[in-house]
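Reading through the structure tokens given below for one structure.
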Amino acid sequence: PLGAVSGYLDMLQNRLHGDSLAEYDQLLERSQDRLAGMRRLIQDLLDMTMVESKCKQRDLQPLDIRNVLRDAVETLSTAAAEQQVEIKLHGDAPIVMAADAIELSMIAQNLISNAVKYNRRGGQVHITADRNAETVTISVADTGCGIPNDQLDRLCNEFVRVKTEATRHVPGSGLGLSIVDKIARLYGGEVAIDSEEGVGSTFTVVLHDDCDVSPQATAALIDSDRDVTTGALPVT
């Protein structure tokens, strides 16, 4: 990408397409696309480094997973609107677990971002969360292009992306699912993928948890987060 941007700047500097600024609009647009790709790659590499670093102090605190998911939906609402993709976060009961807020945010952001990017125009994203005595499950389903069966086993590897005609123009670093998988393993969990080409995909993350989920603890968390949930996107 840097080589491409450098080449475009050389064209601008040497006026290879004449003196009219309008002639260089496409070069500027391509440069912006390449730089945006570099920013995404750098951020993903930073996230990967933080997850793998032995020096990072994890801050495990009781969190309501639905608040984390709401924040991610709000962050990605502009991208979804541009793709005319509707995001639906199902359920409203609090789901409490002991977790690092940054780690859970990475999981939510990566899964929902992928569900938007790889969706069809006018498609939908369905997000659900549930828990039992020992685990919390987060599921993100899309109505996108789907994934070939022969690529499913490698998707959580680093720098691996879905390679089909429908996805070749979709930007990405190939690190997002690897980051999700590594974080899930920190919680003794796993990532499961169910997909059908031309229909869509469902990504499910299971996290083990020993957080106090008694009614008293849950009520205390709701009270502490009440201001955070105010004004969040509507839940269906």
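Following the order of the structure tokens, chains are lettered A, B, ..., residues in each are numbered from 1, and ligands are numbered from 1.
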Query raised in the report: Skipping near chain neighbours, those fewer than 3 positions away, what residues fall within 9 Å of Ala79 in chain A using only C-alpha atoms, listed as a PyMOL selection string?
Result: chain A and resi 75-76+82-85+113+116-117
Deliver the residues from the most recent selection as a file, using C-alpha atoms, as a PDB file, in the first residue's frame.
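Wrote selection-v2.pdb, looks like this:
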```pdb
ATOM      1  CA  THR A  75     -19.762   2.347  16.801  1.00  0.00           C
ATOM      2  CA  LEU A  76     -20.490   0.402  13.600  1.00  0.00           C
ATOM      3  CA  GLU A  82     -23.578   2.865   4.230  1.00  0.00           C
ATOM      4  CA  GLN A  83     -24.100  -0.807   3.357  1.00  0.00           C
ATOM      5  CA  GLN A  84     -27.845  -0.562   4.078  1.00  0.00           C
ATOM      6  CA  VAL A  85     -27.373  -3.381   6.598  1.00  0.00           C
ATOM      7  CA  SER A 113     -17.673  -5.475  11.693  1.00  0.00           C
ATOM      8  CA  VAL A 116     -21.463  -5.892   8.111  1.00  0.00           C
ATOM      9  CA  LYS A 117     -18.553  -5.968   5.643  1.00  0.00           C
TER      10      LYS A 117
END
```
Query - Selected residue of minimal separation from Arg131 in chain A among A:Ile112, A:Ile193, A:Ala101, A:Val96, counting only C-alpha atoms - result: A:Val96
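Here the question is which of A:Glu196, A:Glu134, A:Asp181, A:Glu29 gets nearest to Leu111 in chain A using only C-alpha atoms, and that residue is A:Asp181.
Coordinates place CA of Gln32 in chain A at a distance of 20.8 Å from CA of Asp19 in chain A.
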Query - Who sits within 7 Å of range 63-69 of chain A, only C-alpha atoms, same chain under 5 positions skipped, as a PyMOL selection string - result: chain A and resi 94-99+105+108+229
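Across the model, the gap from CA of Val125 in chain A to CA of His208 in chain A is 24.6 Å.
Shortest separation to Val180 in chain A among A:Asn14, A:Asn132, A:Gln109, A:Thr137 occurs at residue A:Gln109, atoms counted being only C-alpha atoms.
For range 69-150 of chain A, backbone-based DSSP assignment of strand (DSSP E) covers Glu86, Ile87, Lys88, Leu89, Val96, Met97, Ala98, Ala99, Asp100, Gln124, Val125, His126, Ile127, Thr128, Ala129, Asp130, Arg131, Thr135, Val136, Thr137, Ile138, Ser139, Val140, Ala141 and Asp142 of chain A.
One distance worth recording is that between CA of Ile183 in chain A and CA of Glu103 in chain A, which is 6.6 Å.
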Requested in this report: List the neighbours of His126 in chain A out to 10 Å using only C-alpha atoms; skip same-chain residues closer than 6 positions along the sequence, and give me the result as a ChimeraX atom specification.
Outcome: /A:86-90,112,115,139-143,202,236
**Report entry** All residues 9 Å or closer to Ile102 in chain A, only C-alpha atoms, same chain fewer than 4 positions away omitted, as a PyMOL selection string
**Finding:** chain A and resi 59+106-107
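Residue nearest Asp194 in chain A within the list A:Leu60, A:Ala133, A:Ile138, A:Ile147: A:Ile147 [criterion: smallest interatomic distance, only C-alpha atoms].
Closest approach to Ala184 in chain A from the set A:Gly123, A:Leu104, A:Asn114, A:Ala93 is made by A:Leu104, with distances taken over only C-alpha atoms.
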Query raised in the report: For Asn157 in chain A, which residue out of A:Cys145, A:Leu27, A:Leu177, A:Val199 is the nearest one, using only C-alpha atoms?
Result: A:Leu177
